[in-house]
Each structure stands twice: as C-alpha cells, then as structure tokens.
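Notes follow the structure.
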Amino acid sequence: MADITTDVLIIGTGPAGSASAALLSSYGVENLVINRYRWLASTPRAHITNQRTMEVLRDLGRDVEDEAYMFAAEQDLMGENVFCTSLTGEEIGRMKSWGKHPLSRAEHQLSSPTLMNDLPQTFMEPLLYKTACSRGSQSRMSTEYRSHVQDEDGVTTTCLDRLTGKEFTVRSKYLVGADGGNSRVAEHAGLTFEGKMGVAGSMNILFEADLSRLVAHRPSVLYWVLQPGADVGGIGMGLVRMVRPWNEWLIVWGYDINQPAPSVDEAHAKKVVRDLVGDPDLEMTIKSVSTWTVNNMYATSMSNGRVFCMGDATHRHPPSNGLGSNTSIQDAFNLAWKLAFVLKGAADQKLLDSYQDERAPVAKQIVTRANKSIEEFGPIFKALGLLDSIDPVKMQQNMDARCNNTVAAEEQRAAIRKAIADKVYEFDCHGVEMNQRYRSGAIVTDGQAEPAFARDPELHCQQTSWPGARLPHAWVYSATGEKLSTLDLAGHGKFTVLTGIGGQGWIEAARTLGKERGIDIAAQLIGPRQPWQDFTGDWANMREIRDSGVLLVRPDHHIAWRSEAIVDDPSAELRRVLTTVLGK
Ligand code: FDA
C-alpha cells in the first residue's frame, strides 16, 4: 500500500513540470509535483520566451499571460544583437533579432495574439508553479525521486523526503519525468536517445552592475564579445546577456571540456566580467557562478507504458535559439490534455501514444537546430580572420584589416556582414518556433496533401489549417466589440469546432457528440451577424475551407481534422473522426 496516491505524479518543478501541473490542475486532474530542492530555479537560465509559449500561458488564463508580460523585458528591448570587442570597445556588427526587424515584427504580429518577450526562468517558474498550486496541484519540495516500478494499472514511485531522510512511496496512474537534462526517470524508464552529452563546457557568471551607459542605446538581450586569445581555442568569444535591463547580467564563458570544470573564485569571476565589459574598474556584485555543459542529445522514445518524459529530460542542447524552456512548456501542452481525457474516460489510453509521435520529431529538430546555430558562428570567425592564426596579435591584425581601403578589405567587410546576417537562423528563427505540424493517430488528414512551405520553414511562420498544424491566428470580433484571436476561441482543455454560415450542422453535431461522449465540445460560428465576425476578412483568407466547412481543433490548438464544406450527416462525420482521434 503506497503512502500517497494521486492520478499524475510529476517529477520536477522546472518549466516542463510546473507547466504540466498548471495545465493538469486547470483541466481538473489530480496531480502531485515534487522537486528535490527546497525552491524553484535559483538562476535565470531560460529567458527568450517565444509566441507559442505565450499562447500556452494565454490558454492558462489572461491573468497568467499578463503577469508574464508584467515581469518580462518587452520585445523592443531584446533585439539589437551586438557583436563587439567589449561593451566599451569597438562594435563589429549588429543583427536585428527576435522580431526587431520591422518585416519580422510584422510576421510576429500576423501569426499570434501574443508577444515574444524576455522572461527569465526565475520569473517563469514561480508563475507556472503558483498557477499550478493555486488551481489544485499538490506539491512537495525537498523531495527526491528515487525509482519507480509500473504495472498494468499504475506506477509506484519511491521518493526520499530530504528533510527527514525517510523514503515513501507514491502510487499514481501516470508518472511524468520532467526532471531535467540528467533525468533519472528517463533512464529508469529505459528511454532511447541519440547524440552526445558534454560536447563543450560553459560557465555562467551572474552579476549586478549598472551598464545602462554602454547598452541602453542599442537594447539587446545578447552582446557577443570577441577577444582573440582570451579563451579556449583562442577565439575568446564570450556572451554578456541581459537579465534585467540594464543592471543584472549573466556572462556565459567557455571552459575546456577535456579538463575538470573550473572552480571560479570571486576575483576570477570579476576579471572575466571586467574584460568582457571592457572596464577594469567596473564595480559589481557577483551573485553566483556555475558551470554547465553543452549537450547534443535527443530522445527517440519519450514514453514507456505509463511513464512520460518531457523537457530537457528528452531534449538536451545548448541555449542557442532559446528553445529549451519554450519546448518544455509546449511538451506539457501536448501531453496534459491527453492525460486528462484518458483519466476522465473520454479517450482510450492509446491516445497517449501520439505524445511521442508528435513531440519526438520536435525534440530532434530543436536539438539539431540549436547545435547547428553554434557551428554557424564559424563563418563570422572566418570572415574576421580569427581562424587563420592562433597568435592573438595576428588575429587582431586580421580583424583590423577589414577597415583598410583595399579590395580585399571590401570583400572581408561583405563576408562579415553576410556571416552576421546568416545568424538569423539563431536569432530570428520564427518558423522553428511556430511551424510545428504533427503527424500521429490523433490527427485525421483524410489523405489531404500537406501544403508545401512557400518560404524557408525555419525562418518564416506559415499558417495553415491542414490537420496537424496549429490553428491559424486571426482577430475576430463580437457584436459588443470584444476582440479575440481564433486561438482564444479554442483550447482551454476542450475540443472546438470552428465553422461559418452554413455550418450550423457542425454546431449541432458538436452538441450531439459532446452529450454522447460526456465531453464539452465548444462550437464557434464566425460570419456576418454570427457570434464572431471576421470584419477584416483575415480569417476567411486563412482558414482554407469554405464558410460551411469546419475545423476540429484539439485542446492544444492543433487541428485534428477539417472538412471543406458541410456534409450530409455532420454527426456521423464528427463521430468517425473523434473515434479515431480519441481511440474510442
Ligand atoms: P529543468 O532542468 O529546468 O528542471 C528540472 C526539475 O527537476 C528541477 O525542478 C529539478 O530540481 C528537478 N529534479 C531533477 N532531478 C530530480 C529528482 N531526482 N527528484 C526530484 N526532482 C528532481 N531555454 C529557453 O527556452 N530560452 C532561453 O532563452 C534559454 N536560455 C538558456 C540559457 C542558459 C545559460 C541555459 C543553461 C539554459 C537556457 N535555456 C533556455 C534552457 C532552459 O533553461 C531549459 O531547457 C529548461 O530549464 C528545461 O526545463 P525542464 O523543466 O525540462 O528542466
């Protein structure tokens, strides 16, 4: 007999675990979340928060979304990505990033009701965790996952209460391993991985200093400093990252992975900060120093029976592109509604297989992208002449050569500009953030061909209502002038049918099927004199179905199925599709 019972036990209160708990509690599912430490993230690791993540927060509630914006540095403060020799030194180049370029900003505005922002993990985790606990999650801090065994009916997990030193057991129907990059849950569940851990060593130095005079005129979250000869491999690239504008900062500095992780004392940390800032007398307060490794590994299986892993437990990669916490929260959005439907008896357990089918390709994609982004600094180093010598004096001369009035220097300047512009794949990669299209048993395409991407799918968000894609965003208006996104009409733990004039049959079918299955299927009508109006025509341009057609949208905003127009028996059609998607 276990000491505690719950429906879902979640290991970890990071972005993945806290988001899972918040979503499950919002869906009315009993859950217990544990963390081996006494509190949440103590350092502001993740920060770039993309629109898809903000859509998850918005789905949790406008209060949750608003609180995130309240604590975040806004998008306008994020994007003057600077390359320089130090913050006081020479600026080599700049790249407008994270939707700062007006063309990119327009794409952001057209794709989502939300705004990208910079929200350090030290704010994101408390927000998600508070949402979870206030909506019903049970939580135990200073509690460590030790091991688990599963059988046909559930999972028995052994935990250690670190305050008393005593072990206890939790019996749950499902176990979620959101226990980070060294996941023991994933290991014990026998998940399979590809790739390598520990490909490079990095050090974080968190400090407080007012640097407004050096940065406020070129607001950015990232300032890349190139100091030939200053570090591992000779190139000496360090990152000065804004944590809070403009008085809290995190320096990321490499160390040789072939040596033991360095122990950095305060004097050493201050020297690194002063070198990168370029001010030998800079007054600062060092808040913490920690080391971490760059990984290149993703799970090829994300679940085993009743055990599901997510977040860094399944995708382990460098911070490039800022995808880690974002993807972790989005993993939770994919899994939570499925667990809720199965636990409430509205879906067969096989719905849960779609979690792995849908999210494992995303894990591979983002790990590959983030590691490629590191490699793509190479052309910048090459163009600056930093790869032609290991002598710091010569390297500096090569960098200086770009200022000459020669043909070679003009070519060098062009190469530098191109290499910096090509970093768009790290710093403005909107398609990777937004274009996830799922293929699984929980999607019914009825053989409709996937639309090709008209532009680079990594860079540009392309909205489509093809089943598997995320519901396109367009603003619609109520008779009283309320303005909502189509995404707001869906989600919130429910399936939604979205239709227009002539689609009344779908609305009735949704009611019939909802009653039949004991689930609440939301039904939304968009059109003139209907509850929602498409005054601008944006929705009509985007929906890829006729007025009488329908989109069946899953609780995670992804389209489960669509019909181009009304059919003879909408209830029979909807029943067929729901039976496939829900497995019963
Ligand atoms: P995470 O590691 O955050 O949490 C794991 C949780 O499990 C913790 O609560 C831990 O205590 C707990 N735990 C572990 N073992 C346990 C056990 N045995 N028992 C109980 N509890 C246990 N991402 C991003 O999206 N945007 C960004 O800009 C950045 N930037 C960034 C910068 C830097 C410098 C770093 C190092 C990382 C980033 N990231 C990022 C990545 C991001 O920090 C990371 O992807 C997320 O924290 C992953 O969230 P998880 O919840 O999966 O794991």
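Chain labels A, B, ... are given in the sequence in which chains occur in the structure tokens; within each chain residues are numbered consecutively from 1, and ligands are likewise numbered from 1 in the order shown.
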> Which protein, DNA or RNA residues have an atom within 6 Å of ligand 1, counting only C-alpha atoms and all ligand atoms, as a PyMOL selection string?
Replying inline: chain A and resi 11-17+34-37+45-48+143-145+178-181+311-313+319+322-326+328
>> To test your reading of the structure, identify every residue in region 369-479 of chain A that backbone DSSP assigns to helix (DSSP H, G or I), and report it as a PyMOL selection string.
In response: chain A and resi 369-375+378-383+392-403+407-421+424-427+430-434
Env of Gly190 (chain A): 12 Å cut, atoms = only C-alpha atoms, seq-sep filter 5 positions within chain, self excluded. Answer as a CSV table (one decimal) with C-alpha atoms, in the first residue's frame.
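So the final result, stored in selection_8.csv, reads:
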chain,number,residue,atom,x,y,z
A,148,HIS,CA,9.7,3.6,-10.0
A,149,VAL,CA,8.0,0.4,-11.0
A,183,SER,CA,16.8,12.7,-16.0
A,184,ARG,CA,16.8,9.6,-13.8
A,185,VAL,CA,13.1,8.9,-14.8
A,299,ALA,CA,15.2,11.1,-27.1
A,300,THR,CA,13.9,8.8,-29.8
A,301,SER,CA,11.3,7.5,-27.4
A,302,MET,CA,9.6,9.8,-25.0
A,303,SER,CA,7.4,7.4,-23.1
A,304,ASN,CA,7.3,3.8,-21.8
A,305,GLY,CA,3.9,2.5,-20.7
A,307,VAL,CA,5.8,6.9,-17.8
A,308,PHE,CA,6.2,10.0,-20.0
A,309,CYS,CA,9.2,12.3,-20.1
A,314,THR,CA,14.2,14.4,-23.6
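The shell of residues at most 10 Å from Pro113 (chain A), with only C-alpha atoms counted and near chain neighbours (fewer than 6 positions) removed, consists of Gln51, Arg52, Met54, Glu55, Arg58, His473, Ala474, Trp475, Leu484, Ser485, Thr486, Leu487 and Asp488 of chain A.
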>> Env of Gly583 (chain A): 7 Å cut, atoms = only C-alpha atoms, seq-sep filter 4 positions within chain, self excluded. Answer as a ChimeraX atom specification.
In response: /A:347-348,350-351,579
Quick one: residues within 10 Å of Leu578 (chain A), only C-alpha atoms counted, chain neighbours fewer than 6 positions away excluded, as an mmCIF file with C-alpha atoms, in the first residue's frame?
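The new file result-v4.cif reads:
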data_model
loop_
_atom_site.group_PDB
_atom_site.id
_atom_site.type_symbol
_atom_site.label_atom_id
_atom_site.label_comp_id
_atom_site.auth_asym_id
_atom_site.auth_seq_id
_atom_site.Cartn_x
_atom_site.Cartn_y
_atom_site.Cartn_z
ATOM 1 C CA ALA A 347 -10.291 8.683 -24.581
ATOM 2 C CA ALA A 442 -4.598 11.842 -33.077
ATOM 3 C CA ILE A 443 -4.697 13.674 -36.416
ATOM 4 C CA VAL A 444 -7.026 12.775 -39.280
ATOM 5 C CA PHE A 495 -12.159 20.289 -28.447
ATOM 6 C CA LEU A 513 -21.330 14.209 -29.852
ATOM 7 C CA ARG A 517 -19.349 11.190 -25.039
ATOM 8 C CA LEU A 552 -11.969 20.434 -35.418
ATOM 9 C CA ALA A 560 -7.360 17.350 -35.568
ATOM 10 C CA TRP A 561 -9.385 17.348 -38.773
ATOM 11 C CA ALA A 572 -21.672 10.781 -38.377
ATOM 12 C CA LYS A 584 -12.889 5.040 -28.718
#
Region 404-417 of chain A environment, 9 Å, only C-alpha atoms, sequence neighbours closer than 2 positions dropped, as a PDB file with C-alpha atoms, in the first residue's frame:
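Here's the written file out24.pdb:
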ATOM      1  CA  ILE A  92      31.854  44.959 -35.261  1.00  0.00           C
ATOM      2  CA  GLY A  93      28.277  44.477 -36.349  1.00  0.00           C
ATOM      3  CA  ARG A  94      24.677  44.151 -35.288  1.00  0.00           C
ATOM      4  CA  PRO A 379      31.688  31.996 -40.753  1.00  0.00           C
ATOM      5  CA  ILE A 380      31.884  35.085 -38.500  1.00  0.00           C
ATOM      6  CA  PHE A 381      35.189  33.919 -37.061  1.00  0.00           C
ATOM      7  CA  LYS A 382      36.414  33.053 -40.566  1.00  0.00           C
ATOM      8  CA  ALA A 383      35.391  36.402 -42.035  1.00  0.00           C
ATOM      9  CA  LEU A 384      37.149  38.219 -39.205  1.00  0.00           C
ATOM     10  CA  GLY A 385      40.298  36.191 -39.903  1.00  0.00           C
ATOM     11  CA  ASP A 400      41.692  45.246 -38.105  1.00  0.00           C
ATOM     12  CA  ALA A 401      42.291  44.563 -41.822  1.00  0.00           C
ATOM     13  CA  ARG A 402      38.589  44.995 -42.518  1.00  0.00           C
ATOM     14  CA  ALA A 419      28.053  35.900 -41.770  1.00  0.00           C
ATOM     15  CA  ILE A 420      26.293  38.094 -39.215  1.00  0.00           C
ATOM     16  CA  ALA A 421      23.101  38.245 -41.294  1.00  0.00           C
ATOM     17  CA  ASP A 422      23.110  34.434 -41.590  1.00  0.00           C
TER      18      ASP A 422
END
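CA of Arg218 (chain A) sits 24.1 Å away from CA of Ile286 (chain A).
Counting only C-alpha atoms, the residue from A:Ile205, A:Ala22, A:Leu211, A:Ile521 that sits nearest to Leu128 (chain A) is A:Ala22.
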